[in-house]
Every structure is written in C-alpha cells, then in structure tokens.
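Remarks on the structure that follows.
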Number of protein chains: 2
Amino acid sequence: MISTAPVSPAPISVSDASRIERLAEVAVHVGLGLQAGQELVMTAPLEAIALARAITAEAYKAGASLVTTLFTDEEAILLRFAYARDESFDVAAQWLQDAVAAAYRSGAARLAITGSNPALLDGQDPQKISRANLAMSKASRAPLELITRHEINWTIVPCATPAWAAKVFPNEPADAAMARLWDAIFASMRLDAPDPVAAWRQHDAELQRRAQFLNGRRYAAIHFRGRGTDLRVGLADDHLWLGGGTLARNGVPCIPNMPTEEVFTTPHKDRVDGMVRATKPLSYQGMPIENIQVRFESGGIVEASASQGETILQKMIQTDEGARRLGEVALVPHSSPIAASGLLFWNTLFDENAASHIALGQAYSTCIRSGASLEPAQLQAKGANDSLIHVDWMIGSAEMDVDGITQEGNLEPLMRLGEWVQAVG
Amino acid sequence: MISTAPVSPAPISVSDASRIERLAEVAVHVGLGLQAGQELVMTAPLEAIALARAITAEAYKAGASLVTTLFTDEEAILLRFAYARDESFDVAAQWLQDAVAAAYRSGAARLAITGSNPALLDGQDPQKISRANLAMSKASRAPLELITRHEINWTIVPCATPAWAAKVFPNEPADAAMARLWDAIFASMRLDAPDPVAAWRQHDAELQRRAQFLNGRRYAAIHFRGRGTDLRVGLADDHLWLGGGTLARNGVPCIPNMPTEEVFTTPHKDRVDGMVRATKPLSYQGMPIENIQVRFESGGIVEASASQGETILQKMIQTDEGARRLGEVALVPHSSPIAASGLLFWNTLFDENAASHIALGQAYSTCIRSGASLEPAQLQAKGANDSLIHVDWMIGSAEMDVDGITQEGNLEPLMRLGEWVQAVG
C-alpha cells in the first residue's frame with residue numbers, strides 16, 4: 001500500500017466525461033467513505049482539474065462540509081530546479097504540512113489524486129533531488145503518521161495526465177496515449193463493470209478473505225525465491241494481514257488505494273535477510289530508479305545498487321535508520337488485472353498492484369493487532385519500523401515462488417510461479 | 001489600499017509573454033521587494049497560471065528559498081453553492097489560514113494575484129454568500145492582522161482572466177476583451193514605460209510627497225462634498241498618511257498594491273458623520289453591490305441601502321461592531337491614469353485607484369505614528385478601527401470637492417472637481 005502521492009500539472013481532455021463522474025463516485029463513496037458533515041482535503045496535479053472538480057461535486061453531494069484542493073504545478077517544481085539557489089533544496093513548506101495534519105486532527109478526510117510525470121526530474125542533480133525529498137519527508141512527518149496510523153479515512157485515486165501517458169505509451173501520439181491510459185485506469189478501477197460499487201464490494205471481500213487466510217496461519221516469515229531474489233522477510237510479532245478496505249480509527253471504512261490488488265502486512269524490522277532484485281523500475285518523486293538490487297542483513301540494507309538513479313536510492317536509504325529497513329511486505333498474484341495488462345505504469349499505485357512488493361520505511365500500525373492504540377515504543381518492540389519515508393518497490397514476477405514459514409520453521413507454499421497455491425472463499 | 005484578494009479560475013493566452021515577464025519582475029522586485037533566502041507564499045486563481053509561473057521563476061532568480069502557490073478554483077466555489085448542505089456555509093478552512101499566518105510569522109513574504117470573476121456568485125443565495133464570507137473572515141483573522149500590521153513585505157498584483165475581461169468589456173469577443181484588459185493592466189502597471197522600475201520609483205516618490213504634504217497639515221478631519229455625499233471623516237489621533245511604498249516591520253520596503261494611485265490614512269472610528277453615495281459599484285467576494293448609500297452617525301453606519309446586493313451589504317456591516325465603521329480613507333485624483341481609462345474594472349485593486357474611497361473595517365496600524373508597535377487597545381484609543389473585514393468602496397468623482405479641516409476648525413481646499421488643489425514636489 002502506498003501512502004504518499006507524488007506531485008504533478010495541465011487540463012485533461014477525455015471524451016467520456018461520464019466515466020470520470022463514475023470514478024469520482026467510486027472514489028468518494030467506496031474509496032473514501034466520506035461522511036456527511038466531514039471536511040475533505042484533496043491534493044491534485046493541476047492536470048487533474050477535471051477529476052478534482054468531479055470529486056468536489058460528488059463530495060458536496062455526499063454532505064462534505066468543505067472541500068479544499070491543494071493543487072501542485074509541476075512547472076513550478078522545474079522552475080525551482082532551474083533557478084533556485086542551492087540552499088533552497090533543504091527547505092520545505094513545514095507550515096503547509098502542519099496545516100494538513102491539523103485538518104486531519106480536526107476530522108478532515110484525505111483524498112490524493114495521483115498522476116504526476118514519472119520522469120519529471122530526470123536529468124536534474126540527484127543531490128538536490130535527494131535533499132528536497134529529505135526536507136519534504138521531514139516536513140510531512142506529522143500528516144504521514146496520521147495517515148499510516150489510519151486516524152482518518154483516506155484514499156488515493158489515479159488521473160491520466162499527458163506526461164504520465166507519454167511515459168506509459170511512448171510510441172503513441174499524445175491523444176491516443178491519454179485514451180489508452182484512461183482505458184487502463186477505468187478497467188483497473190472496475191468502472192466498466194455494470195455496477196462498479198458492487199464490483200468493489202465483491203473484490204474487497206475477496207481480498208479480506210485472503211488476508212484472513214494468512215492471519216490464520218500466523219507465519220513467522222515469508223520467503224521469496226525468484227531470479228536474483230532469495231529473501232526471507234520475518235514478520236512483526238502480532239502482525240496482521242490486511243487487504244482491501246480498512247476501518248479507520250475515526251470509525252469510517254475506506255479503501256486507501258484504488259486500484260488495490262494486494263494483501264499486506266508489517267515485516268519485523270530486524271528479521272529480513274537475503275538478496276532481492278526489483279522486477280520493475282520505480283519512479284520516486286519524479287525520478288526513475290531502475291534495476292534495484294539490495295542485500296539485507298538482520299533487517300537492514302547492507303548493499304544497494306541500481307542501474308539508473310542509484311544516487312537517489314542511496315540517499316533515500318540514508319534518510320534515517322528506518323529508511324534502510326522494511327515497513328511493509330505485500331503479496332499480489334501475477335494474474336492481477338493490472339499485471340495482466342502487461343503495462344509498466346511508472347506509478348506505484350499501479351505497479352505495486354501488479355506484483356508482490358516490499359516497502360522501505362514507515363510501517364502501518366494498522367498491520368499490528370490493536371496497533372493503532374499502541375505507543376511508538378510498543379510498536380517498535382513488536383518489530384514495526386519507523387521512518388520518515390515509505391517507498392514501495394516491486395519484486396514479484398511470473399517466476400516468483402513464495403513460502404510461508406511457520407512458527408515451527410516449516411515451509412508452506414503460498415505462491416508458485418507468481419500465483420496463489422490456495423483458493424480462498 | 002486593499003489587503004485581501006478575492007478568489008478565482010482557467011489558462012490565459014496572451015501574445016505578449018514578454019510583458020507578463022516584465023509584470024513578474026516588477027511584482028517581485030518593486031512590489032514585493034523579495035529578499036534572498038525569503039520564502040514566498042502566493043495565492044492565485046487557476047486562470048493566472050502563466051503569471052504565477054513567471055513570478056515563481058522571477059522569485060527563484062531573486063533568491064527565494066521556496067515558492068508555494070495556493071491556487072483557487074472558482075468552479076469549486078460554484079460546485080459548493082450548487083451541491084453543499086446548508087451547514088457547509090458556516091465552515092472555512094481555518095487550518096489553512098492558520099498555516100498561512102504561520103508562514104508569515106516564520107518570515108515568508110506574501111504575493112496575491114487578483115483576477116477573479118467579479119460576478120461569480122451573482123444569483124446565488126445572499127444569505128449563504130454572507131455566511132461563507134463571515135466564516136472566511138473569522139478564519140483569516142490571523143493572517144489579515146499580520147498583513148494590516150505590515151509585519152511582512154507583501155503585494156497584490158493583477159492578472160487578466162476571461163471572466164473578469166468579459167465583465168469589463170461585455171460587448172467585446174472573448175479574445176479582444178482579454179487583450180484590452182491586459183492592455184489596461186500593463187498601462188496601469190507602467191510596464192509600457194521604457195524602464196518600468198524607474199517609472200515606479202518616480203511614481204512612488206510623488207505619492208510619498210503627497211502623503212508628506214498631508215502629514216504636515218495634521219488635519220482633524222476630511223470633508224467630502226459631491227452628488228449625494230456630504231461626509232465628514234474625522235481622522236485618528238496621530239494618524240499618518242501613506243502612499244506608494246511601505247517599509248514593512250521586517251525591514252523590507254514594498255508596494256502593497258500595484259497599481260496604486262492613492263494616499264490613505266486611518267479615520268477615527270467614532271468621528272464620521274453624514275451621507276455618502278458610492279460612485280462605482282463594488283464586487284465583494286464575487287457578488288456585485290451597486291448604488292450604495294449610507295448615513296454615518298458618530299462613526300457608525302445607521303442607514304445603508306443598495307440597488308443590488310443590499311442583503312450582502314447589510315450582512316457585511318453586521319460582521320462585527322467594527323464592520324460598520326471606517327478603517328481607511330483615501331484620496332485619488334480623478335485624473336489618475338486608471339480613472340482616465342474610463343473603465344469600470346469591477347475589481348477593487350483598480351477601481352479604488354480611480355477614485356477617492358473609504359473602507360469599512362480593519363484599520364492599518366501603519367497609518368498611525370509608531371502604530372505597528374502599539375497594542376490593540378492603544379490603537380483603538382487613538383481611534384483606529386478593529387474588524388474582521390476590510391472592504392473599500394469608491395466615493396470620488398469628477399464632481400467631488402474635498403476639504404481638510406484643521407485642528408482649529410478651518411477649512412482648507414484639498415480637491416476641487418476631483419483634482420488636487422495643491423501641486424507637490
């Protein structure tokens with residue numbers, strides 16, 4: 001699961017406005033579960049204006065007290081890299097992140113529209129990118145904590161944008177690329193189903209059953225084996241597998257990521273060992289990182305490399321002690337509809353739902369039994385990791401075998417060649 | 001002087017991009033006086049994106065540590081009026097206004113781009129408009145105080161937008177209306193001068209000389225006489241006339257309104273008596289108010305009417321006790337370049353610089369000698385008004401005579417038929 005949406009910018013033109021309205025309905029009612037009288041804080045790239053407006057209308061119809069959208073202009077980010085003084089890259093808008101946290105604390109829901117240019121910062125100075133990322137991670141600590149603890153109902157939904165479409169469909173003309181990306185988004189969001197809300201309820205139930213099955217097994221660890229990967233991920237004490245919807249601490253059920261195809265839990269921050277090779281590139285804050293290879297010892301990364309973006313990767317894992325340890329492990333079958341599309345989306349919301357994955361950084365306290373009511377020290381004692389970052393990367397493939405390791409040390413096959421061994425429900 | 005920019009939205013197309021760049025340069029260097037290392041918080045209608053980007057670039061070139069733009073989407077405001085529940089109209093984003101105040105307190109400069117649709121809310125329920133305005137006024141108390149006390153350097157600059165242009169030039173096609181509005185903006189901003197920065201320095205010096213002349217006279221009151229107007233505006237004790245640039249309390253010289261043609265000071269909140277008729281309509285938060293007529297007694301409004309928007313006007317003056325009293329009086333000759341254009345701009349930044357005007361609500365403490373270092377109670381003892389609002393409206397015309405009333409009660413002619421009697425400098 002991802003909890004941060006990157007930044008982005010410019011108007012979409014789509015023939016099928018009614019599908020955007022359906023997306024908005026599903027986002028507000030199924031993803032967010034917005035309550036009457038609740039405030040909504042939305043973040044959106046400028047290019048997502050049409051979807052942002054459709055969501056605004058739907059939120060007011062659902063009884064929102066106020067919808068406030070914080071738009072991001074990617075051009076402004078590039079202007080910073082073009083003209084700002086060196087010192088600028090250690091500065092972030094702490095006041096704005098504090099404000100967003102204050103809004104959450106006063107009961108606001110959060111909806112993030114993702115659709116940024118995955119290659120926005122390609123070619124920029126990696127040192128400056130890393131410093132800006134670190135400053136932003138520090139500034140956004142408070143809202144990220146509220147989100148990862150699921151204090152409020154929140155969701156992330158996608159919007160096609162020209163730069164993103166161009167990256168996914170580099171050989172298509174701009175219009176065709178946008179249309180194809182919208183088609184992929186609408187399919188992944190189940191908006192082509194006769195009753196998308198019913199389709200989501202059914203899908204949610206399936207993911208919940210899969211999580212329930214895994215919770216019943218109470219594994220000590222998960223073992224991944226594939227090309228370049230031989231990784232044992234110990235699970236946190238009292239870990240809880242989740243999938244689909246979450247009941248936020250404010251009592252509102254929400255589906256934090258749409259689309260979602262994963263079941264996920266909290267690894268033990270000190271019990272991860274072995275080699276792992278990423279099976280997809282990652283776009284981290286506008287910068288592609290490709291062919292990541294990492295070795296873990298006792299939970300921490302001891303070797304890391306990438307064929308592109310290695311500086312960004314190295315700086316990222318130096319953000320803090322928790323940045324080199326895992327905060328999430330997630331299982332996704334290779335037959336997931338998103339994987340089946342055969343597309344590389346360069347967007348974590350999609351790519352993480354096309355492959356089993358792990359995430360460096362902050363753990364979700366909701367993935368520990370009664371975790372949301374535990375103090376940070378109690379969570380850490382159970383193995384839950386703590387960090388300013390939470391960055392997912394994909395390790396699953398059609399060649400991946402996954403075993404559960406029982407408390408007694410026995411291996412039980414969970415996935416073979418990327419597919420679940422057991423049927424559930 | 002105005003201190004709040006209304007809200008607004010959609011992309012501008014202008015042939016002369018180089019004039020937008022000149023506008024950005026003048027805004028950042030002359031209007032804002034942005035300091036190297038200073039953070040900038042910008043507010044802008046979505047339609048002002050081209051100017052916002054030009055200002056962002058210029059600010060980074062000037063050494064800004066970070067530029068954060070809060071965009072307003074007028075469509076979202078209309079969606080609220082179309083779909084939100086009744087209770088929504090008493091809610092404002094307190095958390096965001098608090099954040100902006102926090103940014104100012106930590107040293108950020110403020111630049112507002114004005115260009116909203118003057119008739120956005122025409123036809124909407126005036127009760128809802130008034131409640132939303134009141135909620136917003138309450139929420140933005142903290143940042144408004146910091147601005148009216150000139151704790152930081154700030155400025156407001158205009159950007160042509162399609163809806164605004166359509167209101168100013170209702171008989172022109174959309175493109176021609178935009179081009180004419182840009183022409184008027186560029187002329188008023190002195191961007192057609194060979195050296196706009198030098199032209200501003202000269203203009204600023206003239207306004208300063210006019211303010212100095214008035215300060216030398218130490219009038220007890222100003223008396224306005226014109227068609228429907230016979231108004232005596234007592235001035236606050238230790239009042240100070242200002243014009244052109246201001247030295248903000250953070251030590252940075254700025255020109256808070258661009259364009260500016262006024263000299264202004266603080267009336268005494270209890271010493272305003274007589275009748276006054278507005279000479280131009282006012283667009284208040286997207287709602288036109290026309291043909292305002294008001295009677296003052298001992299500083300407070302005792303009768304108020306308007307041919308359009310009267311409900312909004314009545315609610316506005318009921319915002320708090322200070323909302324029915326004056327916080328500013330300003331003198332502008334009828335030969336001001338903006339008045340000479342013969343245009344009604346439906347935008348206070350322009351219309352207040354085409355005519356002498358008064359403002360209901362909050363006084364500028366900078367218009368009291370050493371006022372910025374006085375406590376609120378000390379300011380009020382000198383007659384400075386206190387309110388959640390600050391709303392300018394125009395009372396000057398080519399028929400207006402203005403006298404200064406000396407401490408001894410003698411009348412000295414200041415303006416005849418809308419023009420200064422005395423030359424300065």
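Residue numbering restarts at 1 in every chain; chains get A, B, ... in the order shown in the structure tokens, and ligands count up from 1 in that same order.
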request  = as a VMD selection string, please: all residues of range 39-205 of chain B that backbone DSSP puts in helix (DSSP H, G or I).
outcome  = chain B and resid 46 to 61 74 to 83 86 to 90 94 to 105 126 to 139 141 to 148 162 to 168 174 to 188 196 to 205
Compile a residue-level contact table for chain A against chain B at a cut-off of 8 Å, reporting for every qualifying residue the shortest atom pair and its distance in Å to one decimal, with only C-alpha atoms counted, rows ordered by chain and ascending number, as CSV.
residue,atom,partner,partner_atom,distance
A:Gly37,CA,B:Ser88,CA,7.7
A:Arg53,CA,B:Ala76,CA,6.3
A:Thr56,CA,B:Ala76,CA,6.6
A:Ala57,CA,B:Leu79,CA,5.7
A:Tyr60,CA,B:Ala84,CA,4.6
A:Lys61,CA,B:Tyr83,CA,5.4
A:Gly63,CA,B:Arg85,CA,5.9
A:Ala64,CA,B:Ala84,CA,6.9
A:Ser65,CA,B:Ser88,CA,4.4
A:Leu66,CA,B:Ser88,CA,6.2
A:Thr68,CA,B:Ala93,CA,7.5
A:Leu70,CA,B:Leu70,CA,6.6
A:Phe71,CA,B:Phe71,CA,6.4
A:Glu75,CA,B:Arg53,CA,7.3
A:Ala76,CA,B:Arg53,CA,6.3
A:Leu79,CA,B:Ala57,CA,5.7
A:Arg80,CA,B:Tyr60,CA,6.4
A:Tyr83,CA,B:Lys61,CA,5.4
A:Ala84,CA,B:Tyr60,CA,4.6
A:Arg85,CA,B:Gly63,CA,5.9
A:Glu87,CA,B:Ser65,CA,6.9
A:Ser88,CA,B:Ser65,CA,4.4
A:Phe89,CA,B:Ser65,CA,7.9
A:Val91,CA,B:Leu66,CA,6.7
A:Ala92,CA,B:Leu66,CA,7.1
A:Ala93,CA,B:Thr68,CA,7.5
A:Trp95,CA,B:Ala99,CA,5.3
A:Leu96,CA,B:Ala99,CA,5.8
A:Asp98,CA,B:Ala99,CA,7.3
A:Ala99,CA,B:Trp95,CA,5.3
A:Val100,CA,B:Trp95,CA,7.2
A:Ala102,CA,B:Trp95,CA,6.1
A:Ala103,CA,B:Trp95,CA,5.8
inquiry  = Show me, as a ChimeraX atom specification, the residues that have an atom within 12 Å of Arg180 in chain B when counting only C-alpha atoms, minus same-chain residues fewer than 5 positions from it.
reply    = /B:14,160-162,164-175,185-187,341,343,345
task = Using DSSP on the backbone coordinates, identify all residues within range 387-419 of chain B classified as strand (DSSP E or B); present the result as a PyMOL selection string.
result = chain B and resi 390-394+401-405+411-416+419
Please save C-alpha atoms of the selected residues as a PDB file, in the first residue's frame.
ATOM      1  CA  HIS B 390     -11.642  45.453   5.282  1.00  0.00           C
ATOM      2  CA  VAL B 391     -13.818  46.469   2.312  1.00  0.00           C
ATOM      3  CA  ASP B 392     -13.042  49.510   0.192  1.00  0.00           C
ATOM      4  CA  TRP B 393     -15.691  51.398  -1.752  1.00  0.00           C
ATOM      5  CA  MET B 394     -15.442  54.293  -4.092  1.00  0.00           C
ATOM      6  CA  ASP B 401     -14.803  68.576  -3.599  1.00  0.00           C
ATOM      7  CA  VAL B 402     -12.629  67.650  -0.650  1.00  0.00           C
ATOM      8  CA  ASP B 403     -11.557  69.919   2.210  1.00  0.00           C
ATOM      9  CA  GLY B 404      -9.157  69.403   5.016  1.00  0.00           C
ATOM     10  CA  ILE B 405     -10.443  70.608   8.395  1.00  0.00           C
ATOM     11  CA  LEU B 411     -11.485  74.505   6.037  1.00  0.00           C
ATOM     12  CA  GLU B 412      -8.651  74.176   3.520  1.00  0.00           C
ATOM     13  CA  PRO B 413      -9.495  73.117  -0.013  1.00  0.00           C
ATOM     14  CA  LEU B 414      -7.715  69.888  -0.996  1.00  0.00           C
ATOM     15  CA  MET B 415      -9.576  68.810  -4.115  1.00  0.00           C
ATOM     16  CA  ARG B 416     -11.889  70.641  -6.449  1.00  0.00           C
ATOM     17  CA  GLU B 419      -8.445  67.231  -8.714  1.00  0.00           C
TER      18      GLU B 419
END
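Between CA of Gly322 in chain A and CA of Leu360 in chain A the separation is 7.7 Å.
Take CA of Ile389 in chain B and CA of Ala236 in chain B: the distance between them is 18.7 Å.
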request  = Find the spatial neighbours of Leu32 in chain A, counting only C-alpha atoms, within a cut-off of 6 Å - ignore same-chain residues fewer than 3 positions away - and output them as a ChimeraX atom specification.
outcome  = /A:28-29,153-155,254
Save out the residues we just selected, N, CA, C and O atoms, as a PDB file, in the first residue's frame.
ATOM      1  N   VAL A  28     -15.291   8.730  -3.886  1.00  0.00           N
ATOM      2  CA  VAL A  28     -15.881   9.378  -2.708  1.00  0.00           C
ATOM      3  C   VAL A  28     -16.624   8.363  -1.837  1.00  0.00           C
ATOM      4  O   VAL A  28     -16.489   8.378  -0.613  1.00  0.00           O
ATOM      5  N   HIS A  29     -17.382   7.464  -2.464  1.00  0.00           N
ATOM      6  CA  HIS A  29     -18.251   6.593  -1.681  1.00  0.00           C
ATOM      7  C   HIS A  29     -17.561   5.291  -1.272  1.00  0.00           C
ATOM      8  O   HIS A  29     -17.736   4.832  -0.146  1.00  0.00           O
ATOM      9  N   ASN A 153     -10.187   8.470   7.541  1.00  0.00           N
ATOM     10  CA  ASN A 153     -10.436   7.797   6.265  1.00  0.00           C
ATOM     11  C   ASN A 153      -9.711   8.551   5.147  1.00  0.00           C
ATOM     12  O   ASN A 153      -9.748   9.771   5.090  1.00  0.00           O
ATOM     13  N   TRP A 154      -9.040   7.774   4.288  1.00  0.00           N
ATOM     14  CA  TRP A 154      -8.296   8.395   3.181  1.00  0.00           C
ATOM     15  C   TRP A 154      -8.234   7.451   2.009  1.00  0.00           C
ATOM     16  O   TRP A 154      -8.413   6.239   2.150  1.00  0.00           O
ATOM     17  N   THR A 155      -7.970   8.015   0.851  1.00  0.00           N
ATOM     18  CA  THR A 155      -7.784   7.190  -0.346  1.00  0.00           C
ATOM     19  C   THR A 155      -6.920   7.933  -1.356  1.00  0.00           C
ATOM     20  O   THR A 155      -6.794   9.158  -1.314  1.00  0.00           O
ATOM     21  N   CYS A 254     -12.774   2.661   4.743  1.00  0.00           N
ATOM     22  CA  CYS A 254     -12.291   3.253   3.495  1.00  0.00           C
ATOM     23  C   CYS A 254     -11.397   2.256   2.782  1.00  0.00           C
ATOM     24  O   CYS A 254     -10.967   1.268   3.371  1.00  0.00           O
TER      25      CYS A 254
END
Contact residues around Asn257 in chain B with only C-alpha atoms at 10 Å, ignoring same-chain residues under 4 positions, as a count of residues only = 20
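Put simply, CA of Ser298 in chain A is 13.0 Å away from CA of Asn385 in chain A.
In terms of minimum interatomic distance to Gly226 in chain B, B:Thr279 ranks closest within B:Thr348, B:Thr43, B:Ser336, B:Thr279, counting only C-alpha atoms.
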query = Any idea what's packed within 8 Å of Ala323 in chain A, counting only C-alpha atoms, ignoring anything in its chain fewer than 4 positions away? Could you give it as a list of chain:residue names?
reply = A:Met316, A:Ile317, A:Gln318, A:Thr319, A:Leu360, A:Gly361, A:Gln362, A:Ser387, A:Leu388, A:Ile389, A:His390
query = Which residues come within 12 Å of Glu408 in chain B, counting only C-alpha atoms, excluding same-chain residues fewer than 4 positions away, as JSON, numbers by chain?
reply = {"B": [217, 218, 219, 220, 221, 404, 412]}
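Of the residues under consideration (A:Leu23, A:Ile292, A:Ala330, A:Leu231), A:Ala330 shows the shortest atom-to-atom contact distance to Ala211 in chain A when counting only C-alpha atoms.
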task = Name the closest residue to Gln285 in chain A among the candidates A:Val233, A:Val272, A:Ile20, A:Leu120; distances are taken between atoms, counting only C-alpha atoms.
result = A:Leu120
